[in-house]
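Chemist: Structure file my_file24.pdb, PDB, C-alpha atoms, pLDDT in the B column, is pasted below:
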```pdb
ATOM      1  CA  MET J  29     108.713 122.521 123.021  1.00 68.00           C
ATOM      2  CA  ALA J  30     109.047 121.792 119.300  1.00 79.00           C
ATOM      3  CA  MET J  31     105.973 122.275 117.126  1.00 88.00           C
ATOM      4  CA  ASN J  32     104.520 119.167 115.495  1.00 89.00           C
ATOM      5  CA  PRO J  33     103.301 119.884 111.941  1.00 89.00           C
ATOM      6  CA  VAL J  34     100.005 118.939 110.310  1.00 91.00           C
ATOM      7  CA  VAL J  35     100.976 116.364 107.685  1.00 89.00           C
ATOM      8  CA  HIS J  36      97.721 114.835 106.446  1.00 91.00           C
ATOM      9  CA  PHE J  37      93.971 115.390 106.275  1.00 94.00           C
ATOM     10  CA  GLU J  38      91.061 112.971 106.029  1.00 92.00           C
ATOM     11  CA  MET J  39      87.479 113.558 104.995  1.00 93.00           C
ATOM     12  CA  PRO J  40      84.525 111.154 105.219  1.00 92.00           C
ATOM     13  CA  ALA J  41      82.646 110.229 102.063  1.00 92.00           C
ATOM     14  CA  GLU J  42      79.239 108.621 101.644  1.00 89.00           C
ATOM     15  CA  ASP J  43      80.078 107.924  97.982  1.00 92.00           C
ATOM     16  CA  LYS J  44      83.851 107.801  97.430  1.00 92.00           C
ATOM     17  CA  GLY J  45      83.513 107.688  93.640  1.00 92.00           C
ATOM     18  CA  ARG J  46      81.379 110.821  93.627  1.00 93.00           C
ATOM     19  CA  MET J  47      83.759 112.552  96.055  1.00 93.00           C
ATOM     20  CA  ARG J  48      86.804 111.577  93.979  1.00 94.00           C
ATOM     21  CA  LYS J  49      85.199 112.976  90.830  1.00 94.00           C
ATOM     22  CA  PHE J  50      84.274 116.229  92.607  1.00 92.00           C
ATOM     23  CA  TYR J  51      87.772 116.979  93.965  1.00 93.00           C
ATOM     24  CA  GLU J  52      89.505 115.834  90.783  1.00 94.00           C
ATOM     25  CA  SER J  53      87.240 118.100  88.687  1.00 90.00           C
ATOM     26  CA  ALA J  54      87.026 121.103  91.016  1.00 84.00           C
ATOM     27  CA  PHE J  55      90.626 121.239  92.280  1.00 86.00           C
ATOM     28  CA  GLY J  56      92.719 118.972  90.040  1.00 91.00           C
ATOM     29  CA  TRP J  57      93.573 116.596  92.906  1.00 94.00           C
ATOM     30  CA  GLU J  58      94.729 113.076  92.069  1.00 93.00           C
ATOM     31  CA  THR J  59      93.024 110.192  93.859  1.00 95.00           C
ATOM     32  CA  THR J  60      93.930 106.518  94.201  1.00 94.00           C
ATOM     33  CA  GLN J  61      91.377 103.961  95.393  1.00 94.00           C
ATOM     34  CA  LEU J  62      92.884 101.272  97.639  1.00 93.00           C
ATOM     35  CA  GLY J  63      91.382  97.819  98.060  1.00 92.00           C
ATOM     36  CA  PRO J  64      89.357  96.174 100.810  1.00 92.00           C
ATOM     37  CA  GLU J  65      92.526  95.130 102.675  1.00 88.00           C
ATOM     38  CA  MET J  66      93.053  98.877 103.346  1.00 86.00           C
ATOM     39  CA  GLY J  67      89.391  99.615 104.071  1.00 87.00           C
ATOM     40  CA  ASP J  68      88.767 100.911 100.519  1.00 91.00           C
ATOM     41  CA  TYR J  69      90.617 104.069 101.589  1.00 92.00           C
ATOM     42  CA  VAL J  70      91.226 106.716  98.919  1.00 95.00           C
ATOM     43  CA  ILE J  71      94.651 108.378  98.847  1.00 93.00           C
ATOM     44  CA  VAL J  72      94.405 112.047  97.860  1.00 94.00           C
ATOM     45  CA  THR J  73      97.353 113.879  96.291  1.00 92.00           C
ATOM     46  CA  THR J  74      97.085 117.670  96.408  1.00 91.00           C
ATOM     47  CA  ALA J  75     100.795 118.437  96.054  1.00 90.00           C
ATOM     48  CA  GLU J  76     103.660 116.947  94.060  1.00 89.00           C
ATOM     49  CA  THR J  77     105.527 114.079  95.752  1.00 86.00           C
ATOM     50  CA  ASP J  78     108.823 112.265  95.228  1.00 87.00           C
ATOM     51  CA  ALA J  79     109.339 108.532  94.603  1.00 84.00           C
ATOM     52  CA  ASP J  80     108.737 107.838  98.334  1.00 77.00           C
ATOM     53  CA  ARG J  81     105.413 109.791  98.177  1.00 76.00           C
ATOM     54  CA  MET J  82     106.920 112.541 100.341  1.00 79.00           C
ATOM     55  CA  ILE J  83     105.882 116.154  99.656  1.00 84.00           C
ATOM     56  CA  LYS J  84     108.403 118.054  97.531  1.00 87.00           C
ATOM     57  CA  GLU J  85     107.357 121.549  98.630  1.00 87.00           C
ATOM     58  CA  PRO J  86     107.369 122.239 102.385  1.00 84.00           C
ATOM     59  CA  GLY J  87     104.125 123.499 103.882  1.00 84.00           C
ATOM     60  CA  ARG J  88     101.795 121.409 101.728  1.00 89.00           C
ATOM     61  CA  ILE J  89      99.918 118.250 102.708  1.00 91.00           C
ATOM     62  CA  ASN J  90      98.115 115.362 101.062  1.00 92.00           C
ATOM     63  CA  GLY J  91      95.235 113.375 102.462  1.00 93.00           C
ATOM     64  CA  GLY J  92      92.576 110.767 102.024  1.00 93.00           C
ATOM     65  CA  PHE J  93      88.895 109.889 101.989  1.00 93.00           C
ATOM     66  CA  PHE J  94      87.383 107.226 104.243  1.00 91.00           C
ATOM     67  CA  GLY J  95      83.928 105.688 104.205  1.00 90.00           C
ATOM     68  CA  LYS J  96      81.343 107.630 106.174  1.00 89.00           C
ATOM     69  CA  THR J  97      79.557 105.146 108.381  1.00 85.00           C
ATOM     70  CA  LYS J  98      77.722 107.499 110.751  1.00 80.00           C
ATOM     71  CA  PRO J  99      76.511 111.105 110.555  1.00 77.00           C
ATOM     72  CA  ASP J 100      78.922 112.518 113.163  1.00 74.00           C
ATOM     73  CA  GLN J 101      82.099 111.854 111.185  1.00 82.00           C
ATOM     74  CA  TYR J 102      84.012 114.958 110.155  1.00 85.00           C
ATOM     75  CA  THR J 103      87.190 116.093 108.459  1.00 89.00           C
ATOM     76  CA  ARG J 104      90.312 115.278 110.490  1.00 89.00           C
ATOM     77  CA  ILE J 105      93.876 116.446 110.500  1.00 93.00           C
ATOM     78  CA  THR J 106      96.899 114.271 111.246  1.00 93.00           C
ATOM     79  CA  ILE J 107      99.834 115.658 113.216  1.00 94.00           C
ATOM     80  CA  ALA J 108     103.359 114.222 112.847  1.00 92.00           C
ATOM     81  CA  VAL J 109     105.084 113.262 116.107  1.00 93.00           C
ATOM     82  CA  ASP J 110     108.533 111.842 116.865  1.00 93.00           C
ATOM     83  CA  ASP J 111     107.318 109.347 119.485  1.00 95.00           C
ATOM     84  CA  ILE J 112     103.646 108.373 119.301  1.00 96.00           C
ATOM     85  CA  ARG J 113     103.466 106.780 122.738  1.00 96.00           C
ATOM     86  CA  ASP J 114     104.967 109.886 124.337  1.00 94.00           C
ATOM     87  CA  ALA J 115     102.549 112.064 122.341  1.00 95.00           C
ATOM     88  CA  MET J 116      99.620 109.917 123.499  1.00 95.00           C
ATOM     89  CA  LYS J 117     100.663 110.524 127.136  1.00 95.00           C
ATOM     90  CA  LYS J 118     100.883 114.277 126.453  1.00 94.00           C
ATOM     91  CA  VAL J 119      97.367 114.291 124.963  1.00 95.00           C
ATOM     92  CA  VAL J 120      95.979 112.680 128.116  1.00 94.00           C
ATOM     93  CA  ALA J 121      97.991 114.996 130.397  1.00 94.00           C
ATOM     94  CA  ALA J 122      96.628 118.009 128.492  1.00 95.00           C
ATOM     95  CA  GLY J 123      93.030 116.862 129.054  1.00 94.00           C
ATOM     96  CA  GLY J 124      92.394 114.934 125.831  1.00 93.00           C
ATOM     97  CA  GLN J 125      91.400 111.323 125.284  1.00 94.00           C
ATOM     98  CA  VAL J 126      93.356 108.796 123.233  1.00 95.00           C
ATOM     99  CA  ILE J 127      91.171 106.527 121.122  1.00 93.00           C
ATOM    100  CA  GLY J 128      94.098 104.694 119.521  1.00 89.00           C
ATOM    101  CA  GLY J 129      93.918 102.699 116.342  1.00 84.00           C
ATOM    102  CA  MET J 130      91.172 100.586 114.828  1.00 82.00           C
ATOM    103  CA  GLN J 131      92.851  97.284 115.641  1.00 84.00           C
ATOM    104  CA  LYS J 132      93.412  97.689 119.392  1.00 85.00           C
ATOM    105  CA  PRO J 133      91.770 100.485 121.398  1.00 85.00           C
ATOM    106  CA  GLY J 134      94.253 102.716 123.201  1.00 90.00           C
ATOM    107  CA  GLU J 135      97.166 101.506 121.066  1.00 93.00           C
ATOM    108  CA  PRO J 136      98.474 102.874 117.767  1.00 96.00           C
ATOM    109  CA  ASP J 137      97.964 100.982 114.514  1.00 93.00           C
ATOM    110  CA  GLU J 138     100.943 100.245 112.311  1.00 93.00           C
ATOM    111  CA  ILE J 139     100.301 101.314 108.730  1.00 89.00           C
ATOM    112  CA  PRO J 140     102.857  99.400 106.626  1.00 88.00           C
ATOM    113  CA  GLY J 141     105.375 101.728 105.004  1.00 85.00           C
ATOM    114  CA  VAL J 142     103.751 104.780 106.623  1.00 88.00           C
ATOM    115  CA  GLY J 143     104.168 104.547 110.397  1.00 92.00           C
ATOM    116  CA  LEU J 144     102.304 104.321 113.701  1.00 95.00           C
ATOM    117  CA  TYR J 145      98.887 106.016 113.732  1.00 94.00           C
ATOM    118  CA  ALA J 146      96.410 106.827 116.512  1.00 94.00           C
ATOM    119  CA  THR J 147      93.274 108.930 116.895  1.00 93.00           C
ATOM    120  CA  PHE J 148      92.536 111.242 119.809  1.00 92.00           C
ATOM    121  CA  VAL J 149      89.837 113.646 120.983  1.00 91.00           C
ATOM    122  CA  ASP J 150      90.857 117.122 122.136  1.00 92.00           C
ATOM    123  CA  THR J 151      89.301 119.055 125.019  1.00 90.00           C
ATOM    124  CA  GLU J 152      86.630 120.495 122.682  1.00 81.00           C
ATOM    125  CA  GLY J 153      85.446 117.137 121.327  1.00 87.00           C
ATOM    126  CA  ASN J 154      87.325 117.416 118.031  1.00 88.00           C
ATOM    127  CA  TYR J 155      88.749 114.199 116.626  1.00 89.00           C
ATOM    128  CA  ALA J 156      92.274 114.337 115.211  1.00 91.00           C
ATOM    129  CA  SER J 157      95.065 111.866 114.590  1.00 93.00           C
ATOM    130  CA  MET J 158      98.791 111.587 115.112  1.00 94.00           C
ATOM    131  CA  LEU J 159     101.405 109.781 113.061  1.00 94.00           C
ATOM    132  CA  GLN J 160     104.905 108.639 113.940  1.00 95.00           C
ATOM    133  CA  PRO J 161     106.296 108.256 110.416  1.00 91.00           C
ATOM    134  CA  SER J 162     108.292 105.154 109.538  1.00 88.00           C
ATOM    135  CA  PRO J 163     111.983 105.806 108.995  1.00 84.00           C
ATOM    136  CA  ARG J 164     112.741 106.310 105.307  1.00 67.00           C
ATOM    137  CA  MET J 165     115.580 104.406 103.720  1.00 47.00           C
ATOM    138  CA  SER J 166     118.410 106.648 102.543  1.00 43.00           C
ATOM    139  CA  LYS J 167     119.022 106.753  98.809  1.00 45.00           C
TER     140      LYS J 167
END
```
Would you put the structure from the file into structure tokens?

Modeler:
Amino acid sequence: MAMNPVVHFEMPAEDKGRMRKFYESAFGWETTQLGPEMGDYVIVTTAETDADRMIKEPGRINGGFFGKTKPDQYTRITIAVDDIRDAMKKVVAAGGQVIGGMQKPGEPDEIPGVGLYATFVDTEGNYASMLQPSPRMSK
């Protein structure tokens, strides 16, 4: 079985502006605040990317900050998969639970220009996500 890499992280923030300032100042990360149509999500760049926002140096990941709406929200990782629906079946078969996307429970969300995205819970109660990246156009 091929290994699926961790490709993204997410951390909850009670005050996204304060969190942005902290990580920009402490670690030199770049942050970009998106608008309400994207849930006021903050894109976090921790490693240099190309014109398609793909990591230039293998083994590094970028991430984001989302609004903390309840106290039991924690940092999450996102795992890249080739086929999200197949991966969702494997999660269930391995004893996990698929939450799915925010738009339709049990189904992945499509993030325009990024890919299909779904959240799951592992056997230990940890929340994580999976992403089937959109195909990139060749240059």

Chemist: Using Å and a single decimal, report how far CA of Phe94 (chain J) sits from CA of Glu42 (chain J).

Modeler: 8.7 Å

Chemist: May I ask for the distance between CA of Pro40 (chain J) and CA of Ile139 (chain J), given in Å to one decimal place?

Modeler: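 Computing the Euclidean distance for CA of Pro40 (chain J) and CA of Ile139 (chain J) yields 18.9 Å.
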
Chemist: For CA of Arg113 (chain J) and CA of Val126 (chain J), quote the distance in Å rounded to one decimal.

Modeler: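 If I compute the distance from CA of Arg113 (chain J) to CA of Val126 (chain J), I get 10.3 Å.
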
Chemist: Show me, as an NGL selection string, the residues that have an atom within 12 Å of region 43-60 of chain J when counting all atoms listed in the file, minus same-chain residues fewer than 2 positions from it.

Modeler: :J and (39-41 or 62-63 or 66-77 or 89-97)

Chemist: Taking (102.9, 107.0, 112.7) as a centre in this file's frame and 9 Å as the limit, can you find every polymer residue with an atom that close, using only C-alpha atoms, and give them as an mmCIF file with C-alpha atoms, in the coordinates of the input?

Modeler:
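Resulting contents of selection.cif:
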```
data_model
loop_
_atom_site.group_PDB
_atom_site.id
_atom_site.type_symbol
_atom_site.label_atom_id
_atom_site.label_comp_id
_atom_site.auth_asym_id
_atom_site.auth_seq_id
_atom_site.Cartn_x
_atom_site.Cartn_y
_atom_site.Cartn_z
ATOM 1 C CA ALA J 108 103.359 114.222 112.847
ATOM 2 C CA VAL J 109 105.084 113.262 116.107
ATOM 3 C CA ASP J 110 108.533 111.842 116.865
ATOM 4 C CA ASP J 111 107.318 109.347 119.485
ATOM 5 C CA ILE J 112 103.646 108.373 119.301
ATOM 6 C CA PRO J 136 98.474 102.874 117.767
ATOM 7 C CA ASP J 137 97.964 100.982 114.514
ATOM 8 C CA GLU J 138 100.943 100.245 112.311
ATOM 9 C CA ILE J 139 100.301 101.314 108.730
ATOM 10 C CA VAL J 142 103.751 104.780 106.623
ATOM 11 C CA GLY J 143 104.168 104.547 110.397
ATOM 12 C CA LEU J 144 102.304 104.321 113.701
ATOM 13 C CA TYR J 145 98.887 106.016 113.732
ATOM 14 C CA ALA J 146 96.410 106.827 116.512
ATOM 15 C CA MET J 158 98.791 111.587 115.112
ATOM 16 C CA LEU J 159 101.405 109.781 113.061
ATOM 17 C CA GLN J 160 104.905 108.639 113.940
ATOM 18 C CA PRO J 161 106.296 108.256 110.416
ATOM 19 C CA SER J 162 108.292 105.154 109.538
#
```

Chemist: I need the residue nearest Ala115 (chain J) from this list: J:Lys98, J:Glu65, J:Phe148, J:Ile83. Use only C-alpha atoms for the distance.

Modeler: J:Phe148

Chemist: Which centre and edge lengths in Å to one decimal define the box along x, y and z that fits every listed atom of region 135-147 of chain J plus 3 Å per side, as JSON?

Modeler:
```
{"center_x": 99.3, "center_y": 104.2, "center_z": 113.0, "size_x": 18.1, "size_y": 15.5, "size_z": 22.1}
```

Chemist: Name the residues that the PyMOL selection byres ((chain J and resi 102) around 9) pulls out of this structure, and write them as a ChimeraX atom specification.

Modeler: /J:38-40,96,99-101,103-104,154-155

Chemist: To verify the selection step, state as number ranges by chain which residues the PyMOL selection byres ((chain J and resi 118-124) around 6) yields on this input.

Modeler: J: 115-117, 125, 149-151

Chemist: Could you save those same residues with C-alpha atoms as a PDB file, keeping the file's coordinate frame?

Modeler:
```pdb
ATOM      1  CA  ALA J 115     102.549 112.064 122.341  1.00 95.00           C
ATOM      2  CA  MET J 116      99.620 109.917 123.499  1.00 95.00           C
ATOM      3  CA  LYS J 117     100.663 110.524 127.136  1.00 95.00           C
ATOM      4  CA  GLN J 125      91.400 111.323 125.284  1.00 94.00           C
ATOM      5  CA  VAL J 149      89.837 113.646 120.983  1.00 91.00           C
ATOM      6  CA  ASP J 150      90.857 117.122 122.136  1.00 92.00           C
ATOM      7  CA  THR J 151      89.301 119.055 125.019  1.00 90.00           C
TER       8      THR J 151
END
```
